[in-house]
Each structure stands twice: as C-alpha cells, then as structure tokens.
>>> print(open('run-v7.cif').read())   # mmCIF, C-alpha atoms
data_final
loop_
_atom_site.label_atom_id
_atom_site.label_comp_id
_atom_site.auth_asym_id
_atom_site.auth_seq_id
_atom_site.Cartn_x
_atom_site.Cartn_y
_atom_site.Cartn_z
CA MET I 1 46.86 -63.53 59.33
CA THR I 2 43.60 -62.17 60.67
CA SER I 3 40.80 -64.74 60.80
CA ARG I 4 38.12 -64.14 58.19
CA THR I 5 35.52 -64.73 60.91
CA ASP I 6 36.97 -62.12 63.29
CA THR I 7 34.63 -59.17 62.80
CA ASN I 8 35.65 -57.42 66.03
CA PRO I 9 39.42 -56.83 65.87
CA LEU I 10 41.22 -55.34 68.88
CA ARG I 11 38.13 -55.92 71.04
CA ASN I 12 40.46 -56.28 74.03
CA GLY I 13 42.19 -53.00 73.25
CA CYS I 14 41.08 -49.49 74.17
CA ASP I 15 39.44 -46.58 72.40
CA ASP I 16 41.81 -44.56 70.26
CA LEU I 17 41.62 -40.79 69.89
CA TRP I 18 42.59 -39.11 66.63
CA THR I 19 40.94 -37.22 63.79
CA TRP I 20 41.54 -35.82 60.32
CA ASP I 21 44.40 -33.34 60.06
CA ARG I 22 43.07 -29.83 59.44
CA ARG I 23 46.37 -28.77 57.86
CA GLU I 24 47.21 -31.86 55.83
CA ARG I 25 44.33 -31.97 53.35
CA SER I 26 43.34 -30.96 49.86
CA PRO I 27 41.64 -27.56 49.52
CA GLU I 28 38.71 -29.57 48.15
CA VAL I 29 38.12 -31.30 51.52
CA ARG I 30 35.91 -29.75 54.21
CA LEU I 31 35.98 -31.13 57.77
CA TYR I 32 33.05 -30.87 60.18
CA GLY I 33 31.04 -32.74 62.81
CA SER I 34 32.23 -33.80 66.27
CA ASN I 35 35.99 -33.20 66.44
CA PHE I 36 35.94 -32.71 62.65
CA ARG I 37 35.69 -36.45 61.98
CA ILE I 38 33.52 -36.04 58.87
CA ALA I 39 35.38 -35.40 55.61
CA HIS I 40 33.31 -33.84 52.82
CA PHE I 41 34.93 -33.99 49.39
CA HIS I 42 34.41 -31.49 46.56
CA PRO I 43 31.55 -29.48 48.15
CA ASN I 44 30.59 -27.75 44.87
CA TRP I 45 31.83 -29.77 41.90
CA SER I 46 34.80 -32.04 41.22
CA SER I 47 37.63 -31.43 38.77
CA GLY I 48 40.17 -33.75 40.34
CA THR I 49 41.06 -35.92 43.35
CA ALA I 50 41.06 -34.73 46.97
CA GLY I 51 42.51 -36.41 50.05
CA VAL I 52 43.07 -35.88 53.77
CA ARG I 53 45.52 -37.44 56.20
CA GLY I 54 44.77 -38.62 59.74
CA THR I 55 46.69 -37.42 62.79
CA ARG I 56 47.51 -40.92 64.05
CA VAL I 57 51.06 -42.27 63.51
CA LEU I 58 50.59 -46.01 62.99
CA ASN I 59 54.08 -47.55 62.97
CA ASN I 60 54.89 -50.32 65.46
CA GLY I 61 51.36 -50.56 66.86
CA ARG I 62 48.03 -52.22 66.15
CA TYR I 63 45.12 -49.94 65.21
CA PHE I 64 41.59 -50.35 63.90
CA TRP I 65 39.20 -47.71 62.60
CA GLU I 66 35.95 -47.61 60.64
CA LEU I 67 34.76 -45.32 57.89
CA HIS I 68 31.07 -44.76 57.26
CA LEU I 69 30.61 -43.91 53.58
CA SER I 70 27.54 -41.92 52.63
CA ARG I 71 25.13 -43.22 49.99
CA ARG I 72 26.92 -41.15 47.37
CA ILE I 73 29.36 -43.89 46.28
CA PHE I 74 30.30 -43.37 42.65
CA GLY I 75 32.92 -41.86 40.38
CA THR I 76 36.42 -42.80 39.30
CA SER I 77 37.85 -43.55 42.72
CA MET I 78 37.00 -43.36 46.42
CA MET I 79 39.95 -44.70 48.43
CA PHE I 80 40.87 -45.67 52.01
CA GLY I 81 44.20 -46.81 53.40
CA ILE I 82 47.52 -45.52 54.66
CA GLY I 83 50.46 -43.49 53.45
CA THR I 84 53.52 -41.49 54.41
CA LYS I 85 53.75 -37.70 54.62
CA LYS I 86 55.03 -37.78 51.05
CA ALA I 87 51.76 -39.27 49.75
CA ARG I 88 49.93 -36.72 47.62
CA LEU I 89 46.63 -35.34 48.89
CA HIS I 90 45.48 -33.50 45.76
CA ALA I 91 45.53 -33.97 41.99
CA ASP I 92 43.95 -31.94 39.20
CA SER I 93 42.82 -35.14 37.51
CA PHE I 94 40.55 -38.09 38.29
CA THR I 95 42.93 -40.76 39.52
CA ASN I 96 43.60 -43.47 42.10
CA LEU I 97 45.65 -41.10 44.23
CA LEU I 98 46.38 -43.36 47.22
CA GLY I 99 48.88 -45.89 45.88
CA LYS I 100 49.66 -43.98 42.71
CA ASP I 101 53.27 -44.06 43.95
CA ASP I 102 55.23 -46.05 46.53
CA GLN I 103 54.18 -43.70 49.35
CA GLY I 104 50.62 -45.03 49.67
CA TRP I 105 48.64 -48.27 50.07
CA GLY I 106 44.94 -48.00 49.27
CA LEU I 107 41.70 -49.80 48.44
CA SER I 108 39.35 -48.19 45.92
CA HIS I 109 35.57 -48.56 45.84
CA LYS I 110 36.10 -50.48 42.59
CA GLY I 111 37.51 -53.33 44.73
CA LEU I 112 41.12 -52.79 43.63
CA LEU I 113 44.26 -52.51 45.78
CA TRP I 114 46.78 -49.88 44.72
CA HIS I 115 50.47 -49.44 45.59
CA ALA I 116 53.44 -48.08 43.61
CA GLY I 117 51.23 -47.38 40.60
CA ARG I 118 50.09 -51.01 40.28
CA TRP I 119 46.76 -52.57 41.13
CA THR I 120 45.40 -56.02 41.95
CA HIS I 121 41.86 -57.36 42.36
CA TYR I 122 40.86 -57.71 46.02
CA THR I 123 37.08 -57.73 46.38
CA LYS I 124 33.87 -57.01 44.48
CA PRO I 125 33.19 -53.41 43.46
CA PHE I 126 31.04 -51.54 45.98
CA ARG I 127 27.40 -51.01 45.08
CA GLU I 128 26.88 -47.44 43.98
CA ASN I 129 24.63 -45.16 46.05
CA VAL I 130 24.43 -47.65 48.94
CA ALA I 131 25.82 -46.59 52.32
CA THR I 132 28.81 -48.77 53.25
CA LYS I 133 31.02 -49.29 56.31
CA ILE I 134 34.73 -49.95 55.82
CA GLY I 135 37.00 -51.19 58.62
CA ILE I 136 40.79 -50.97 58.45
CA LEU I 137 43.10 -53.01 60.68
CA PHE I 138 46.74 -51.94 60.68
CA ASP I 139 49.12 -54.39 62.35
CA GLY I 140 52.49 -52.71 62.62
CA ILE I 141 54.00 -55.76 64.31
CA ALA I 142 53.08 -58.21 61.53
CA GLY I 143 53.32 -55.44 58.92
CA THR I 144 49.87 -56.02 57.45
CA VAL I 145 46.75 -54.09 56.48
CA THR I 146 43.39 -55.90 56.55
CA TYR I 147 40.07 -54.49 55.34
CA TYR I 148 36.53 -55.15 56.56
CA LYS I 149 33.40 -54.33 54.57
CA ASP I 150 30.09 -54.10 56.43
CA GLU I 151 31.69 -56.07 59.30
CA LYS I 152 32.94 -58.88 57.04
CA CYS I 153 36.68 -59.47 57.00
CA LEU I 154 38.10 -59.40 53.47
CA GLY I 155 41.51 -60.79 54.42
CA VAL I 156 45.02 -59.35 54.39
CA ALA I 157 45.49 -56.76 51.66
CA PHE I 158 49.07 -55.55 52.13
CA ARG I 159 52.17 -56.98 53.77
CA GLY I 160 55.64 -55.75 54.62
CA LEU I 161 54.55 -52.47 56.26
CA ASN I 162 56.78 -53.22 59.28
CA GLU I 163 59.76 -52.57 57.00
CA VAL I 164 58.65 -49.00 56.22
CA LYS I 165 60.78 -46.53 58.20
CA GLU I 166 58.77 -43.39 57.33
CA PRO I 167 55.84 -42.55 59.66
CA LEU I 168 52.58 -43.99 58.32
CA TYR I 169 49.15 -42.34 58.66
CA PRO I 170 45.52 -43.13 57.75
CA ILE I 171 44.50 -41.46 54.46
CA ILE I 172 41.25 -41.20 52.50
CA CYS I 173 40.53 -39.57 49.16
CA SER I 174 37.77 -39.20 46.58
CA THR I 175 37.17 -37.97 43.05
CA ALA I 176 33.38 -37.74 43.42
CA ALA I 177 31.59 -34.49 44.22
CA LYS I 178 29.75 -34.09 47.54
CA THR I 179 30.86 -37.44 48.96
CA GLU I 180 31.43 -37.98 52.69
CA MET I 181 33.31 -40.32 55.01
CA LEU I 182 32.84 -40.39 58.79
CA LEU I 183 35.69 -41.62 61.00
CA ASP I 184 34.35 -43.86 63.77
CA SER I 185 35.07 -46.80 66.13
CA MET I 186 38.78 -46.13 66.60
CA LYS I 187 40.58 -48.80 68.66
CA ARG I 188 44.20 -49.52 69.49
CA ASP I 189 46.15 -52.26 71.18
CA PHE I 190 47.73 -51.59 74.57
CA VAL I 191 51.45 -50.86 74.52
CA ASN I 192 52.11 -52.26 78.00
CA LEU I 193 50.50 -52.78 81.42
CA GLN I 194 51.02 -49.12 82.31
CA ASP I 195 49.12 -48.09 79.19
CA ARG I 196 46.29 -50.48 80.09
CA CYS I 197 46.04 -49.06 83.62
CA ARG I 198 45.93 -45.50 82.30
CA ALA I 199 43.04 -46.35 79.97
CA VAL I 200 41.00 -47.67 82.92
CA ILE I 201 41.67 -44.56 85.01
CA VAL I 202 40.98 -42.07 82.21
CA LYS I 203 37.55 -43.61 81.62
CA ARG I 204 36.58 -42.42 85.11
CA ILE I 205 37.93 -38.89 84.77
CA LYS I 206 35.54 -36.43 83.16
CA SER I 207 37.81 -33.41 82.86
CA LYS I 208 41.28 -32.03 83.56
CA GLN I 209 39.82 -30.31 86.61
CA ASP I 210 38.91 -33.73 88.05
CA LEU I 211 42.45 -34.91 87.36
CA GLU I 212 43.91 -32.00 89.32
CA LYS I 213 41.88 -33.07 92.37
CA LEU I 214 43.71 -36.41 92.56
CA PHE I 215 46.60 -36.57 95.02
CA LEU I 216 49.15 -37.95 92.59
CA PRO I 217 52.82 -37.26 91.85
CA PRO I 218 53.20 -34.64 89.07
CA LYS I 219 54.72 -37.13 86.59
CA ILE I 220 51.81 -39.55 86.95
CA ARG I 221 49.29 -36.70 86.66
CA MET I 222 51.05 -35.53 83.49
CA TYR I 223 51.00 -39.08 82.04
CA LEU I 224 47.26 -39.38 82.67
CA GLY I 225 46.66 -35.90 81.24
CA GLU I 226 48.30 -36.86 77.93
CA ALA I 227 45.44 -39.28 77.27
CA LEU I 228 42.77 -37.02 78.70
CA ALA I 229 43.79 -34.04 76.56
CA ASP I 230 42.64 -35.77 73.38
CA THR I 231 39.26 -36.88 74.68
CA VAL I 232 36.54 -36.07 72.15
CA GLU I 233 32.78 -35.80 72.36
CA PRO I 234 30.68 -38.68 71.01
CA PHE I 235 29.50 -38.21 67.44
CA ARG I 236 26.16 -36.54 66.90
CA PRO I 237 24.55 -36.14 63.47
CA VAL I 238 24.97 -32.69 61.99
CA ASN I 239 23.32 -30.71 59.23
CA GLN I 240 24.24 -32.24 55.89
CA ASN I 241 24.37 -28.77 54.33
CA VAL I 242 28.08 -28.18 54.86
CA SER I 243 28.06 -24.52 53.84
CA ASN I 244 25.63 -23.70 56.66
CA ASN I 245 27.48 -25.66 59.34
CA VAL I 246 29.33 -23.55 61.87
CA GLY I 247 31.83 -26.33 62.57
CA THR I 248 33.04 -26.59 58.99
CA ILE I 249 36.65 -25.85 58.09
#
>>> encode(input="run-v7.cif", output="structure tokens")
Amino acid sequence: MTSRTDTNPLRNGCDDLWTWDRRERSPEVRLYGSNFRIAHFHPNWSSGTAGVRGTRVLNNGRYFWELHLSRRIFGTSMMFGIGTKKARLHADSFTNLLGKDDQGWGLSHKGLLWHAGRWTHYTKPFRENVATKIGILFDGIAGTVTYYKDEKCLGVAFRGLNEVKEPLYPIICSTAAKTEMLLDSMKRDFVNLQDRCRAVIVKRIKSKQDLEKLFLPPKIRMYLGEALADTVEPFRPVNQNVSNNVGTI
C-alpha cells in the first residue's frame, strides 16, 4: 500500500510522455494546448456525458499523472481513472460513465468510487467552483490505483488490476458544460537499467538531428529515438476561448 504521507510518488522514476487520444474521444470533447493535453468538455452546452482516453497503456508498469481541474467543478459527475478500450466515452444522459460497467474504474468529484455499476464512498465531495489537482498512481505490479487530491494521498482506491488482461488506459469524463482538465506531471517507473540509461541520455539530446550526429550503432540510435520521438514542449497557458484557439481539435 502507498504511504498516506508519500505525496511524491515515483520521484525516482522518469518523465513519461503521453497525451489524450485525438481519435478515442466523445464528439463533445475538444483538445488543445501544448500537445493537446487540455481536454475541454461540452464547449457549448451539455446534454450528456463526454469522455476521452489517454494514449498510455498502463499494464505491468507503474505510472503517475496529475490532472488540473478548472474552477468549473459542478454537475452530475466529473470522473478520473482508468478503463479498457471497451469503456464507453459518450452517453446521451448525465451519468457516472467511468465505472458504469466492468470496463472502467473511476473516482467522481462527488467523492465516490465506481466500478461495475456499483459505488462506494472514498473521500469528501470536491468543493464546487474551486480549482483542484488530482493525482493518480497506477501500480500494475501490485494491481492498485491510488488517488491524490491537492498533493494529499487518499489511499488505495482499487485493487486487483494486475489480473486484468485487457490493455488499460487513463480516462477522464464530465457531464458539466465548459469544464476543463489539464494533463500534467506524468511520471513512470524504470523498466530496467537500460531504460534508466536511455532516460539520462535523452535528457541531453535536443532533437533527432542531434541524435544523428552521435557515432552509435543503428540499433542503439533507434532505441534512443523511440523515446525522443514523443518529446513534447512544456505547457504554456493558452487562450481560454476554445473556439478561437488554432490548436483546438
């Protein structure tokens, strides 16, 4: 179990590089910002529940990511967690979509955990209209999901995820109009010593052109390039008016 005082999980790991999937999302989700890491739900008005899946496959590893929720926290359900590819990402009703079936595991802003259509109390409801930071620690070795709220560990929420054979992904969803979640502070555990060495080298390479200048065997250069290819720019605030933002999709 994760210590309730450990507010910096995977601090000895490395930065992870993934984003929201531009294809696997509800039509009521707009993505924008640096590397499209900001999800904007129901840009006009809401008549249901919208979700988006992350590109990171989580199984068999340890991963941590944070979500910055805008001040617009309200409505039937704003949710954060994980799910398989079979987890629904849209519903024409206001519902707790993540965990409505056995394909998802989610925490709602009401403080409830949802899985297989059942819920349990987990923490206090979030204060409405107050910006909040949610951290999610997925431990694929122990098979657990642990949540953090404003850097305070809330304890293990779900167990037994190591027994799930389907690929698991980060998922968020919301019923509330014009709500936003920013993906930030992604970390992952090292797979092995080779992985750790690659992370150190990649930090010192600014571009693929720099990589090509290194006198390395082709296989090693290719291995380094796999990590470098996903490098993203640091987040910079963007115009909150989504319809006027060139980077919106």
>>> residues_around(input="run-v7.cif", residues="stretch 177-192 of chain I", least_positions_apart="2", cutoff="7 Å", atoms="all atoms listed in the file", output="JSON, numbers by chain")
{"I": [10, 13, 14, 15, 16, 17, 37, 38, 39, 40, 41, 42, 43, 44, 45, 46, 61, 62, 63, 64, 65, 66, 67, 68, 69, 70, 72, 175, 194, 195, 196]}
>>> atom_distance(input="run-v7.cif", atom1="atom CA of I:Thr144", atom2="atom CA of I:Ile73")
26.3 Å
>>> atom_distance(input="run-v7.cif", atom1="atom CA of I:Lys152", atom2="atom CA of I:Asn96")
24.0 Å
>>> closest_residue(input="run-v7.cif", among="I:Arg198, I:Arg56, I:Arg88, I:Lys149", to="I:Pro125", atoms="all atoms listed in the file")
I:Lys149
>>> atom_distance(input="run-v7.cif", atom1="atom CA of I:Val52", atom2="atom CA of I:Tyr122")
23.3 Å
>>> resolve_selection(input="run-v7.cif", expression="the PyMOL selection byres ((chain I and resi 55) around 7)", output="PyMOL selection string")
chain I and resi 18-21+53-54+56-57+169
>>> closest_residue(input="run-v7.cif", among="I:Thr146, I:Ser93, I:Thr120, I:Asn60", to="I:Leu168", atoms="all atoms listed in the file")
I:Asn60
>>> resolve_selection(input="run-v7.cif", expression="the PyMOL selection byres ((chain I and resi 162) around 10)", output="list in words")
Asn59, Asn60, Gly61, Asp139, Gly140, Ile141, Ala142, Gly143, Thr144, Arg159, Gly160, Leu161, Glu163, Val164 and Lys165 of chain I
>>> resolve_selection(input="run-v7.cif", expression="the PyMOL selection byres ((chain I and resi 150) around 9)", output="list in words")
Thr132, Lys133, Ile134, Gly135, Tyr148, Lys149, Glu151, Lys152 and Cys153 of chain I
>>> write_last_selection(input="run-v7.cif", atoms="C-alpha atoms", output="PDB file, in the frame of the given file")
ATOM      1  CA  THR I 132      28.810 -48.770  53.250  1.00  0.00           C
ATOM      2  CA  LYS I 133      31.020 -49.290  56.310  1.00  0.00           C
ATOM      3  CA  ILE I 134      34.730 -49.950  55.820  1.00  0.00           C
ATOM      4  CA  GLY I 135      37.000 -51.190  58.620  1.00  0.00           C
ATOM      5  CA  TYR I 148      36.530 -55.150  56.560  1.00  0.00           C
ATOM      6  CA  LYS I 149      33.400 -54.330  54.570  1.00  0.00           C
ATOM      7  CA  GLU I 151      31.690 -56.070  59.300  1.00  0.00           C
ATOM      8  CA  LYS I 152      32.940 -58.880  57.040  1.00  0.00           C
ATOM      9  CA  CYS I 153      36.680 -59.470  57.000  1.00  0.00           C
TER      10      CYS I 153
END
